[in-house]
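Enquirer: Next up, my_file.cif (mmCIF, C-alpha atoms and all ligand atoms).
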```
data_entry
#
loop_
_atom_site.group_PDB
_atom_site.id
_atom_site.type_symbol
_atom_site.label_atom_id
_atom_site.label_comp_id
_atom_site.auth_asym_id
_atom_site.auth_seq_id
_atom_site.Cartn_x
_atom_site.Cartn_y
_atom_site.Cartn_z
ATOM 1 C CA MET J 1 -19.967 94.712 22.920
ATOM 2 C CA GLN J 2 -20.867 92.534 25.877
ATOM 3 C CA THR J 3 -18.545 89.648 26.536
ATOM 4 C CA ALA J 4 -19.860 86.365 27.880
ATOM 5 C CA PRO J 5 -18.988 85.743 31.550
ATOM 6 C CA GLN J 6 -16.048 83.427 32.043
ATOM 7 C CA GLN J 7 -17.205 79.862 32.355
ATOM 8 C CA ILE J 8 -15.786 78.076 35.375
ATOM 9 C CA ASP J 9 -15.103 74.421 34.928
ATOM 10 C CA ARG J 10 -16.070 72.804 38.221
ATOM 11 C CA SER J 11 -15.711 69.272 36.949
ATOM 12 C CA GLY J 12 -12.088 68.868 37.978
ATOM 13 C CA ASN J 13 -11.161 68.073 34.372
ATOM 14 C CA MET J 14 -9.575 71.431 33.664
ATOM 15 C CA GLU J 15 -5.832 71.322 33.103
ATOM 16 C CA GLU J 16 -4.213 71.650 36.544
ATOM 17 C CA ARG J 17 -1.994 74.677 36.002
ATOM 18 C CA GLY J 18 -4.762 76.634 34.224
ATOM 19 C CA TRP J 19 -7.174 75.805 37.014
ATOM 20 C CA TRP J 20 -4.772 77.088 39.666
ATOM 21 C CA ASP J 21 -4.178 80.264 37.662
ATOM 22 C CA LEU J 22 -7.929 80.800 37.660
ATOM 23 C CA TRP J 23 -8.164 80.066 41.398
ATOM 24 C CA ASN J 24 -5.348 82.440 42.314
ATOM 25 C CA THR J 25 -6.579 85.257 40.086
ATOM 26 C CA SER J 26 -10.106 84.824 41.514
ATOM 27 C CA TYR J 27 -9.230 84.598 45.212
ATOM 28 C CA ARG J 28 -5.762 86.106 45.645
ATOM 29 C CA ALA J 29 -5.759 89.007 43.170
ATOM 30 C CA LYS J 30 -5.463 91.351 46.174
ATOM 31 C CA ASP J 31 -4.297 90.892 49.737
ATOM 32 C CA ASN J 32 -7.245 90.773 52.160
ATOM 33 C CA LEU J 33 -9.725 89.796 49.446
ATOM 34 C CA ASP J 34 -10.709 86.777 51.489
ATOM 35 C CA THR J 35 -11.160 87.362 55.229
ATOM 36 C CA ILE J 36 -10.998 83.652 56.072
ATOM 37 C CA ALA J 37 -7.641 83.321 54.298
ATOM 38 C CA SER J 38 -6.365 86.493 55.984
ATOM 39 C CA GLN J 39 -7.165 84.980 59.392
ATOM 40 C CA LEU J 40 -5.388 81.798 58.403
ATOM 41 C CA PHE J 41 -2.245 83.640 57.231
ATOM 42 C CA ALA J 42 -2.186 85.751 60.406
ATOM 43 C CA HIS J 43 -2.395 82.590 62.509
ATOM 44 C CA VAL J 44 0.387 80.844 60.585
ATOM 45 C CA ALA J 45 2.612 83.933 60.811
ATOM 46 C CA THR J 46 2.110 84.043 64.602
ATOM 47 C CA VAL J 47 2.704 80.316 65.031
ATOM 48 C CA THR J 48 5.827 80.549 62.876
ATOM 49 C CA GLN J 49 7.144 83.399 64.990
ATOM 50 C CA GLN J 50 6.488 81.408 68.184
ATOM 51 C CA ALA J 51 7.852 78.118 66.883
ATOM 52 C CA THR J 52 11.086 79.721 65.704
ATOM 53 C CA GLN J 53 11.306 81.842 68.887
ATOM 54 C CA GLY J 54 11.542 84.923 66.726
ATOM 55 C CA GLN J 55 14.816 83.768 65.146
ATOM 56 C CA PRO J 56 14.436 84.442 61.436
ATOM 57 C CA GLY J 57 15.545 81.353 59.578
ATOM 58 C CA ARG J 58 15.701 79.899 56.099
ATOM 59 C CA ILE J 59 12.178 79.211 54.904
ATOM 60 C CA LEU J 60 10.800 77.267 51.968
ATOM 61 C CA GLU J 61 7.095 77.676 51.276
ATOM 62 C CA VAL J 62 5.605 74.945 49.139
ATOM 63 C CA ALA J 63 2.552 76.067 47.118
ATOM 64 C CA CYS J 64 2.942 79.693 48.243
ATOM 65 C CA GLY J 65 0.203 80.913 45.892
ATOM 66 C CA ALA J 66 0.317 84.686 45.469
ATOM 67 C CA GLY J 67 2.732 85.039 48.407
ATOM 68 C CA ALA J 68 0.358 86.625 50.944
ATOM 69 C CA LEU J 69 1.865 84.698 53.866
ATOM 70 C CA SER J 70 5.444 85.552 52.870
ATOM 71 C CA ARG J 71 4.629 89.244 53.288
ATOM 72 C CA GLN J 72 3.915 88.648 56.984
ATOM 73 C CA LEU J 73 6.988 86.594 57.869
ATOM 74 C CA ASN J 74 10.415 87.317 59.295
ATOM 75 C CA PHE J 75 13.170 85.310 57.676
ATOM 76 C CA SER J 76 16.834 85.287 56.815
ATOM 77 C CA SER J 77 15.922 83.784 53.465
ATOM 78 C CA TYR J 78 12.608 82.837 51.924
ATOM 79 C CA HIS J 79 11.864 80.880 48.772
ATOM 80 C CA GLY J 80 8.286 80.300 47.634
ATOM 81 C CA LEU J 81 7.269 77.970 44.869
ATOM 82 C CA ASP J 82 3.960 77.305 43.200
ATOM 83 C CA MET J 83 2.844 75.702 39.969
ATOM 84 C CA SER J 84 0.638 78.685 39.048
ATOM 85 C CA PRO J 85 2.515 81.253 36.913
ATOM 86 C CA ALA J 86 -0.217 83.850 37.579
ATOM 87 C CA ALA J 87 0.228 83.473 41.352
ATOM 88 C CA ILE J 88 4.015 83.752 41.179
ATOM 89 C CA GLU J 89 3.839 86.791 38.926
ATOM 90 C CA PHE J 90 1.592 88.477 41.511
ATOM 91 C CA ALA J 91 3.900 87.483 44.397
ATOM 92 C CA GLN J 92 6.954 88.868 42.603
ATOM 93 C CA LYS J 93 5.210 92.117 41.713
ATOM 94 C CA LYS J 94 4.024 92.621 45.301
ATOM 95 C CA MET J 95 7.472 91.919 46.716
ATOM 96 C CA GLU J 96 9.081 94.390 44.304
ATOM 97 C CA GLU J 97 6.519 97.048 45.279
ATOM 98 C CA SER J 98 7.031 96.522 49.003
ATOM 99 C CA SER J 99 10.815 96.349 48.857
ATOM 100 C CA GLN J 100 10.870 99.741 47.032
ATOM 101 C CA GLY J 101 14.101 99.086 45.241
ATOM 102 C CA ARG J 102 15.882 97.527 48.237
ATOM 103 C CA PRO J 103 17.241 94.074 47.479
ATOM 104 C CA SER J 104 14.808 91.554 48.935
ATOM 105 C CA THR J 105 15.734 88.144 50.229
ATOM 106 C CA ALA J 106 12.366 86.677 49.193
ATOM 107 C CA THR J 107 12.394 84.750 45.939
ATOM 108 C CA TYR J 108 9.576 82.996 44.100
ATOM 109 C CA GLU J 109 9.546 80.342 41.432
ATOM 110 C CA VAL J 110 7.023 78.611 39.187
ATOM 111 C CA ALA J 111 7.499 74.890 39.774
ATOM 112 C CA ASP J 112 5.640 71.659 40.258
ATOM 113 C CA PHE J 113 6.936 70.485 43.641
ATOM 114 C CA HIS J 114 6.795 66.823 42.593
ATOM 115 C CA ASN J 115 9.709 67.242 40.208
ATOM 116 C CA TRP J 116 11.359 70.342 41.651
ATOM 117 C CA PRO J 117 15.099 69.735 42.158
ATOM 118 C CA PRO J 118 15.769 70.083 45.919
ATOM 119 C CA PRO J 119 18.224 72.816 46.939
ATOM 120 C CA ALA J 120 21.780 71.901 47.907
ATOM 121 C CA ASP J 121 21.489 73.698 51.268
ATOM 122 C CA PRO J 122 18.826 72.527 53.705
ATOM 123 C CA VAL J 123 16.286 74.936 55.180
ATOM 124 C CA ASP J 124 15.101 75.445 58.784
ATOM 125 C CA LEU J 125 11.392 75.612 58.110
ATOM 126 C CA VAL J 126 8.996 74.322 55.465
ATOM 127 C CA LEU J 127 5.566 75.937 55.249
ATOM 128 C CA CYS J 128 2.623 74.531 53.349
ATOM 129 C CA VAL J 129 -0.720 76.311 53.680
ATOM 130 C CA ASP J 130 -3.905 74.776 52.326
ATOM 131 C CA ALA J 131 -2.226 72.720 49.626
ATOM 132 C CA ILE J 132 -1.319 69.186 50.757
ATOM 133 C CA SER J 133 -4.652 67.750 49.583
ATOM 134 C CA TYR J 134 -4.046 68.967 46.044
ATOM 135 C CA PHE J 135 -0.816 67.110 45.338
ATOM 136 C CA ARG J 136 -0.951 64.080 43.077
ATOM 137 C CA ASP J 137 1.545 62.117 45.200
ATOM 138 C CA ARG J 138 1.262 63.289 48.787
ATOM 139 C CA ALA J 139 3.662 60.694 50.191
ATOM 140 C CA LEU J 140 6.387 61.829 47.787
ATOM 141 C CA VAL J 141 5.675 65.456 48.679
ATOM 142 C CA THR J 142 5.955 64.984 52.469
ATOM 143 C CA ARG J 143 9.121 62.853 52.108
ATOM 144 C CA LYS J 144 10.574 65.547 49.905
ATOM 145 C CA MET J 145 9.730 68.222 52.494
ATOM 146 C CA ALA J 146 11.575 66.171 55.117
ATOM 147 C CA GLY J 147 14.563 65.766 52.770
ATOM 148 C CA ILE J 148 14.874 69.531 52.304
ATOM 149 C CA LEU J 149 14.904 70.260 56.057
ATOM 150 C CA ASN J 150 17.783 70.341 58.506
ATOM 151 C CA ASN J 151 17.708 67.662 61.176
ATOM 152 C CA GLY J 152 15.439 69.142 63.826
ATOM 153 C CA GLY J 153 13.882 71.491 61.240
ATOM 154 C CA LEU J 154 10.170 72.283 61.355
ATOM 155 C CA LEU J 155 7.228 71.671 59.093
ATOM 156 C CA ILE J 156 4.175 73.901 59.626
ATOM 157 C CA LEU J 157 1.287 72.717 57.546
ATOM 158 C CA THR J 158 -2.367 73.672 57.419
ATOM 159 C CA THR J 159 -5.148 71.971 55.552
ATOM 160 C CA ILE J 160 -8.917 71.941 55.227
ATOM 161 C CA ASN J 161 -10.715 69.985 57.954
ATOM 162 C CA PRO J 162 -13.218 67.905 55.962
ATOM 163 C CA VAL J 163 -15.538 67.385 58.961
ATOM 164 C CA VAL J 164 -16.262 71.119 58.959
ATOM 165 C CA TYR J 165 -15.670 71.968 55.324
ATOM 166 C CA SER J 166 -18.359 69.580 54.113
ATOM 167 C CA ARG J 167 -20.844 71.318 56.413
ATOM 168 C CA ILE J 168 -20.472 74.885 55.153
ATOM 169 C CA ARG J 169 -23.383 76.098 53.068
ATOM 170 C CA ARG J 170 -22.284 78.773 50.630
ATOM 171 C CA VAL J 171 -24.577 81.217 48.926
ATOM 172 C CA GLY J 172 -23.870 83.123 45.715
ATOM 173 C CA GLY J 173 -20.424 83.945 44.337
ATOM 174 C CA VAL J 174 -18.180 81.776 42.257
ATOM 175 C CA ARG J 175 -17.408 78.386 43.714
ATOM 176 C CA LEU J 176 -13.977 77.111 42.850
ATOM 177 C CA GLU J 177 -13.141 75.259 45.971
ATOM 178 C CA SER J 178 -13.502 71.692 44.763
ATOM 179 C CA GLY J 179 -11.322 71.923 41.634
ATOM 180 C CA PRO J 180 -8.874 69.085 41.227
ATOM 181 C CA VAL J 181 -9.466 67.705 44.725
ATOM 182 C CA ASN J 182 -11.654 64.683 44.860
ATOM 183 C CA ARG J 183 -10.829 63.665 48.419
ATOM 184 C CA TRP J 184 -9.753 65.626 51.479
ATOM 185 C CA LEU J 185 -7.432 64.095 54.059
ATOM 186 C CA SER J 186 -8.848 62.927 57.375
ATOM 187 C CA ARG J 187 -6.905 63.706 60.566
ATOM 188 C CA ARG J 188 -5.626 60.117 60.701
ATOM 189 C CA GLU J 189 -4.524 60.102 57.037
ATOM 190 C CA LEU J 190 -2.749 63.428 57.445
ATOM 191 C CA HIS J 191 -0.922 62.305 60.589
ATOM 192 C CA ASP J 192 0.107 58.984 58.993
ATOM 193 C CA LEU J 193 1.455 60.832 55.973
ATOM 194 C CA ILE J 194 3.561 63.152 58.125
ATOM 195 C CA LEU J 195 4.815 60.425 60.472
ATOM 196 C CA GLN J 196 5.742 58.134 57.578
ATOM 197 C CA ALA J 197 7.828 60.913 56.053
ATOM 198 C CA GLY J 198 10.054 60.893 59.165
ATOM 199 C CA PHE J 199 8.541 63.713 61.219
ATOM 200 C CA SER J 200 7.362 63.692 64.821
ATOM 201 C CA ILE J 201 4.187 65.666 65.385
ATOM 202 C CA GLU J 202 4.546 68.306 68.095
ATOM 203 C CA ARG J 203 1.085 69.852 67.801
ATOM 204 C CA SER J 204 -2.030 69.195 65.793
ATOM 205 C CA TYR J 205 -5.156 71.267 66.350
ATOM 206 C CA THR J 206 -7.932 73.016 64.471
ATOM 207 C CA ILE J 207 -8.685 76.730 64.159
ATOM 208 C CA MET J 208 -11.544 78.980 63.058
ATOM 209 C CA PRO J 209 -14.751 77.111 63.962
ATOM 210 C CA ARG J 210 -17.311 77.274 61.176
ATOM 211 C CA GLY J 211 -20.064 75.244 59.549
ATOM 212 C CA ASN J 212 -23.779 75.890 59.205
ATOM 213 C CA MET J 213 -25.167 72.569 58.015
ATOM 214 C CA GLY J 214 -26.374 69.501 59.907
ATOM 215 C CA TRP J 215 -25.369 69.342 63.578
ATOM 216 C CA LEU J 216 -22.856 72.174 63.108
ATOM 217 C CA ARG J 217 -25.781 74.523 62.507
ATOM 218 C CA ILE J 218 -26.728 74.058 66.166
ATOM 219 C CA VAL J 219 -23.176 73.945 67.535
ATOM 220 C CA ASN J 220 -22.294 77.228 65.784
ATOM 221 C CA SER J 221 -25.609 79.045 66.147
ATOM 222 C CA ALA J 222 -25.067 82.657 67.197
ATOM 223 C CA ARG J 223 -27.979 82.380 69.626
ATOM 224 C CA LEU J 224 -26.330 79.586 71.564
ATOM 225 C CA ASN J 225 -22.758 80.880 71.329
ATOM 226 C CA GLU J 226 -23.505 84.470 72.262
ATOM 227 C CA ALA J 227 -26.169 83.786 74.892
ATOM 228 C CA PHE J 228 -23.757 84.040 77.836
ATOM 229 C CA GLY J 229 -21.639 87.006 76.732
ATOM 230 C CA PRO J 230 -18.309 87.466 74.972
ATOM 231 C CA ARG J 231 -16.159 85.557 77.498
ATOM 232 C CA CYS J 232 -18.278 82.432 77.183
ATOM 233 C CA ALA J 233 -18.357 82.860 73.389
ATOM 234 C CA ALA J 234 -14.525 82.924 73.372
ATOM 235 C CA MET J 235 -14.451 79.853 75.613
ATOM 236 C CA PHE J 236 -16.869 77.947 73.334
ATOM 237 C CA ARG J 237 -14.633 78.856 70.426
ATOM 238 C CA ARG J 238 -11.529 77.450 72.143
ATOM 239 C CA VAL J 239 -13.375 74.256 73.085
ATOM 240 C CA LYS J 240 -14.534 73.799 69.487
ATOM 241 C CA GLU J 241 -11.007 74.321 68.190
ATOM 242 C CA ARG J 242 -9.684 71.789 70.691
ATOM 243 C CA VAL J 243 -12.217 69.096 69.824
ATOM 244 C CA GLY J 244 -11.556 69.453 66.094
ATOM 245 C CA LEU J 245 -14.379 71.702 64.907
ATOM 246 C CA GLY J 246 -12.215 74.368 63.269
ATOM 247 C CA GLN J 247 -12.254 74.841 59.512
ATOM 248 C CA TYR J 248 -8.496 74.289 59.235
ATOM 249 C CA ARG J 249 -6.149 71.787 60.854
ATOM 250 C CA VAL J 250 -2.682 73.040 61.767
ATOM 251 C CA VAL J 251 0.156 70.569 62.216
ATOM 252 C CA ILE J 252 3.569 71.474 63.611
ATOM 253 C CA ALA J 253 6.027 68.640 63.065
ATOM 254 C CA ARG J 254 9.763 68.236 63.567
ATOM 255 C CA LYS J 255 12.122 66.255 61.390
ATOM 256 C CA GLY J 256 13.761 63.357 63.208
HETATM 257 C C1 LIG Q 301 -5.679 76.406 47.701
HETATM 258 S S1 LIG Q 301 -4.290 77.094 46.941
HETATM 259 C C2 LIG Q 301 -3.398 77.769 48.336
HETATM 260 C C3 LIG Q 301 -2.331 78.728 47.903
HETATM 261 C C4 LIG Q 301 -1.668 79.515 49.043
HETATM 262 N N1 LIG Q 301 -0.959 78.664 49.958
HETATM 263 C C5 LIG Q 301 -2.739 80.327 49.749
HETATM 264 O O1 LIG Q 301 -3.147 79.902 50.851
HETATM 265 O O2 LIG Q 301 -3.158 81.333 49.188
HETATM 266 C C6 LIG Q 301 -3.311 75.673 46.540
HETATM 267 C C7 LIG Q 301 -2.055 76.028 45.781
HETATM 268 O O3 LIG Q 301 -1.325 74.827 45.558
HETATM 269 C C8 LIG Q 301 -0.631 74.992 44.328
HETATM 270 N N2 LIG Q 301 -0.230 73.659 43.850
HETATM 271 C C9 LIG Q 301 -1.033 72.602 43.602
HETATM 272 N N3 LIG Q 301 -0.301 71.556 43.180
HETATM 273 C C10 LIG Q 301 1.009 71.967 43.155
HETATM 274 C C11 LIG Q 301 2.221 71.345 42.797
HETATM 275 N N4 LIG Q 301 2.254 70.087 42.367
HETATM 276 N N5 LIG Q 301 3.380 72.052 42.909
HETATM 277 C C12 LIG Q 301 3.347 73.353 43.329
HETATM 278 N N6 LIG Q 301 2.190 74.000 43.668
HETATM 279 C C13 LIG Q 301 1.048 73.314 43.595
HETATM 280 C C14 LIG Q 301 -1.651 75.684 43.448
HETATM 281 O O4 LIG Q 301 -1.081 76.318 42.321
HETATM 282 C C15 LIG Q 301 -2.297 76.659 44.418
HETATM 283 O O5 LIG Q 301 -1.691 77.938 44.349
#
```
As structure tokens, please, write out the structure in this file.
Expert:
Amino acid sequence: MQTAPQQIDRSGNMEERGWWDLWNTSYRAKDNLDTIASQLFAHVATVTQQATQGQPGRILEVACGAGALSRQLNFSSYHGLDMSPAAIEFAQKKMEESSQGRPSTATYEVADFHNWPPPADPVDLVLCVDAISYFRDRALVTRKMAGILNNGGLLILTTINPVVYSRIRRVGGVRLESGPVNRWLSRRELHDLILQAGFSIERSYTIMPRGNMGWLRIVNSARLNEAFGPRCAAMFRRVKERVGLGQYRVVIARKG
């Protein structure tokens, strides 16, 4: 008997937890399913390594999804939380498989960060990848991140850059990206949010230039970018990242 294809509710009215289960099982059911996300995780892992000077510390990842980033990090302790039970189940299973019976210091938990009881011991680093826009109360969330950190502790956060994201034409496939988000954060809004929570911003930049609609179609055209060889193409890429034409913004901020 043929079953009807699963209907995706793109209206944003779907119950939040169910929607995130659907998102995680669609996009994170395997590591490396999504090349864009893999690039993002690799970048965050490298930046984390540099920012902590290779000293593995205590890490909390807020909205860790299926835990793909955690599997690329060094840490003395790692705790990931996410409101999607399907994502956490996947993260736990993967960690058990990779630890092959050895006790692992990575732990995962299903929780809504808004009302998650903060741990008694502060952490050295809070990570939040592609999630800040989805929280109902972003000011509470960033203040809470600051509260969980040691003085001098780091926040590494990435989020969609709406300037680029709104200019990506997608063809085919299932589109789940809008979901419960009705408004992305501008650079100014994101910075204000982080500063008001008591952080100082050490770096803020964009990565992974993309976009094939409007003026970005010309800026990113392969003909223009590759016309002068690979070195110039790499230089164009760096310039685009610097001027804010990357798909993701990365912010590194320090508490206090
Ligand atoms: C776009 S996904 C990114 C997940 C993961 N960081 C990744 O890059 O694969 C956003 C995640 O935020 C989580 N999320 C949204 N609101 C949350 C909340 N209030 N508390 C905890 N997690 C939340 C969702 O369940 C989802 O897994």
Enquirer: Per residue of chain J within 6 Å of ligand LIG 301 (chain Q), record the nearest atom pair and its distance in Å to one decimal, counting all atoms listed in the file, with rows in chain order and ascending residue number, as a tab-separated table.
Expert:
```
residue	atom	partner	partner_atom	distance
J:Trp20	CA	Q:LIG301	O4	4.6
J:Ala63	CA	Q:LIG301	N6	4.0
J:Cys64	CA	Q:LIG301	N1	4.4
J:Gly65	CA	Q:LIG301	O5	3.8
J:Asp82	CA	Q:LIG301	N6	3.8
J:Met83	CA	Q:LIG301	N6	4.1
J:Ser84	CA	Q:LIG301	O4	4.4
J:Ala111	CA	Q:LIG301	C12	5.7
J:Asp112	CA	Q:LIG301	N5	3.5
J:Phe113	CA	Q:LIG301	N5	4.0
J:His114	CA	Q:LIG301	N4	5.6
J:Val129	CA	Q:LIG301	N1	4.4
J:Asp130	CA	Q:LIG301	C2	5.0
J:Ala131	CA	Q:LIG301	C6	4.4
J:Tyr134	CA	Q:LIG301	C9	5.3
J:Phe135	CA	Q:LIG301	N3	5.0
```
Enquirer: For Leu73 (chain J), which residue out of J:Ala197, J:Leu127, J:Leu154, J:Ile148 is the nearest one, using only C-alpha atoms?
Expert: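 Result for the nearest residue to Leu73 (chain J): J:Leu127.
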Enquirer: Nearest to Thr25 (chain J): which of J:Phe90, J:Trp215, J:Phe199, J:Phe236 is it, counting all atoms listed in the file?
Expert: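 The closest residue to Thr25 (chain J) is J:Phe90.
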Enquirer: List as an NGL selection string the protein and nucleic acid residues near Gly18 (chain J), meaning an atom at most 10 Å away when all atoms listed in the file are counted, but skip any in the same chain fewer than 4 places from it.
Expert: :J and (14 or 22-24 or 83-86)
Enquirer: Using only C-alpha atoms, which of the listed residues (J:Val250, J:Val164, J:Ile194, J:Ile201) sits closest to Arg217 (chain J)?
Expert: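 Using only C-alpha atoms, the shortest distance to Arg217 (chain J) belongs to J:Val164.
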Enquirer: Which polymer residues, whether protein, DNA or RNA, lie within 12 Å of the coordinate (6.2, 64.4, 44.8) when you count all atoms listed in the file? List them as a PyMOL selection string, using the chain letters and numbers from the file.
Expert: chain J and resi 62+111-118+132+134-147+197
Enquirer: Write out the residues from the selection above, keeping C-alpha atoms, as a tab-separated table (two decimals), in the frame of the given file.
Expert:
```
chain	number	residue	atom	x	y	z
J	62	VAL	CA	5.60	74.94	49.14
J	111	ALA	CA	7.50	74.89	39.77
J	112	ASP	CA	5.64	71.66	40.26
J	113	PHE	CA	6.94	70.48	43.64
J	114	HIS	CA	6.80	66.82	42.59
J	115	ASN	CA	9.71	67.24	40.21
J	116	TRP	CA	11.36	70.34	41.65
J	117	PRO	CA	15.10	69.74	42.16
J	118	PRO	CA	15.77	70.08	45.92
J	132	ILE	CA	-1.32	69.19	50.76
J	134	TYR	CA	-4.05	68.97	46.04
J	135	PHE	CA	-0.82	67.11	45.34
J	136	ARG	CA	-0.95	64.08	43.08
J	137	ASP	CA	1.54	62.12	45.20
J	138	ARG	CA	1.26	63.29	48.79
J	139	ALA	CA	3.66	60.69	50.19
J	140	LEU	CA	6.39	61.83	47.79
J	141	VAL	CA	5.68	65.46	48.68
J	142	THR	CA	5.96	64.98	52.47
J	143	ARG	CA	9.12	62.85	52.11
J	144	LYS	CA	10.57	65.55	49.90
J	145	MET	CA	9.73	68.22	52.49
J	146	ALA	CA	11.58	66.17	55.12
J	147	GLY	CA	14.56	65.77	52.77
J	197	ALA	CA	7.83	60.91	56.05
```
Enquirer: So how far away is CA of Gln72 (chain J) from CA of Pro162 (chain J), in Å?
Expert: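 For CA of Pro162 (chain J) relative to CA of Gln72 (chain J), the distance reads 26.9 Å.
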Enquirer: Just say which residues the PyMOL selection byres (((chain J and resi 69) around 8) and not hetatm) picks in this file, as JSON, numbers by chain.
Expert: {"J": [41, 42, 44, 45, 64, 67, 68, 70, 71, 72, 73]}
Enquirer: Compile the contact shell of Ser200 (chain J) as a list of chain:residue names: residues with an atom at most 7 Å away, counting all atoms listed in the file, same-chain residues fewer than 6 positions apart removed.
Expert: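 Result of the neighbour search: J:Ala253, J:Arg254, J:Lys255, J:Gly256.
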Enquirer: Name the residues that the PyMOL selection byres (((chain J and resi 169) around 10) and not hetatm) pulls out of this structure, and write them as a ChimeraX atom specification.
Expert: /J:165-168,170-171,211-214,217
Enquirer: Store the residues picked out above in a file with C-alpha atoms, as a PDB file, keeping the file's coordinate frame.
Expert:
```pdb
ATOM      1  CA  TYR J 165     -15.670  71.968  55.324  1.00  0.00           C
ATOM      2  CA  SER J 166     -18.359  69.580  54.113  1.00  0.00           C
ATOM      3  CA  ARG J 167     -20.844  71.318  56.413  1.00  0.00           C
ATOM      4  CA  ILE J 168     -20.472  74.885  55.153  1.00  0.00           C
ATOM      5  CA  ARG J 170     -22.284  78.773  50.630  1.00  0.00           C
ATOM      6  CA  VAL J 171     -24.577  81.217  48.926  1.00  0.00           C
ATOM      7  CA  GLY J 211     -20.064  75.244  59.549  1.00  0.00           C
ATOM      8  CA  ASN J 212     -23.779  75.890  59.205  1.00  0.00           C
ATOM      9  CA  MET J 213     -25.167  72.569  58.015  1.00  0.00           C
ATOM     10  CA  GLY J 214     -26.374  69.501  59.907  1.00  0.00           C
ATOM     11  CA  ARG J 217     -25.781  74.523  62.507  1.00  0.00           C
TER      12      ARG J 217
END
```
Enquirer: Go through the shown structure with the PyMOL selection byres (((chain J and resi 95) around 12) and not hetatm) and write out the matching residues as a PyMOL selection string.
Expert: chain J and resi 66-72+78+80+88-94+96-108
Enquirer: When you count only C-alpha atoms, which of these residues is closest to Ala51 (chain J): J:Ile36, J:Ala233, J:Leu193, J:Ile156?
Expert: J:Ile156
Enquirer: So the first atom is CA of Glu15 (chain J) and the second is CA of Ile160 (chain J); what is the distance between them in Å, to one decimal place?
Expert: 22.3 Å
Enquirer: Between CA of Cys128 (chain J) and CA of Ser76 (chain J), measure the distance and give it in Å to one decimal.
Expert: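 If I compute the distance from CA of Cys128 (chain J) to CA of Ser76 (chain J), I get 18.2 Å.
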Enquirer: Using all atoms listed in the file, which of the listed residues (J:Val163, J:Ile207, J:Ile252, J:Arg223) sits closest to Lys240 (chain J)?
Expert: J:Ile207
Enquirer: Around the point (-5.9, 61.9, 61.9) in the file's coordinates, collect all residues with an atom within 12 Å, using only C-alpha atoms, and return them as a JSON list (two decimals) with C-alpha atoms, keeping the file's coordinate frame.
Expert:
```json
[["chain", "number", "residue", "atom", "x", "y", "z"],
["J", 159, "THR", "CA", -5.15, 71.97, 55.55],
["J", 161, "ASN", "CA", -10.72, 69.98, 57.95],
["J", 162, "PRO", "CA", -13.22, 67.90, 55.96],
["J", 163, "VAL", "CA", -15.54, 67.39, 58.96],
["J", 184, "TRP", "CA", -9.75, 65.63, 51.48],
["J", 185, "LEU", "CA", -7.43, 64.10, 54.06],
["J", 186, "SER", "CA", -8.85, 62.93, 57.38],
["J", 187, "ARG", "CA", -6.90, 63.71, 60.57],
["J", 188, "ARG", "CA", -5.63, 60.12, 60.70],
["J", 189, "GLU", "CA", -4.52, 60.10, 57.04],
["J", 190, "LEU", "CA", -2.75, 63.43, 57.44],
["J", 191, "HIS", "CA", -0.92, 62.30, 60.59],
["J", 192, "ASP", "CA", 0.11, 58.98, 58.99],
["J", 193, "LEU", "CA", 1.46, 60.83, 55.97],
["J", 194, "ILE", "CA", 3.56, 63.15, 58.12],
["J", 195, "LEU", "CA", 4.82, 60.42, 60.47],
["J", 201, "ILE", "CA", 4.19, 65.67, 65.39],
["J", 204, "SER", "CA", -2.03, 69.19, 65.79],
["J", 205, "TYR", "CA", -5.16, 71.27, 66.35],
["J", 206, "THR", "CA", -7.93, 73.02, 64.47],
["J", 244, "GLY", "CA", -11.56, 69.45, 66.09],
["J", 249, "ARG", "CA", -6.15, 71.79, 60.85],
["J", 250, "VAL", "CA", -2.68, 73.04, 61.77],
["J", 251, "VAL", "CA", 0.16, 70.57, 62.22]]
```
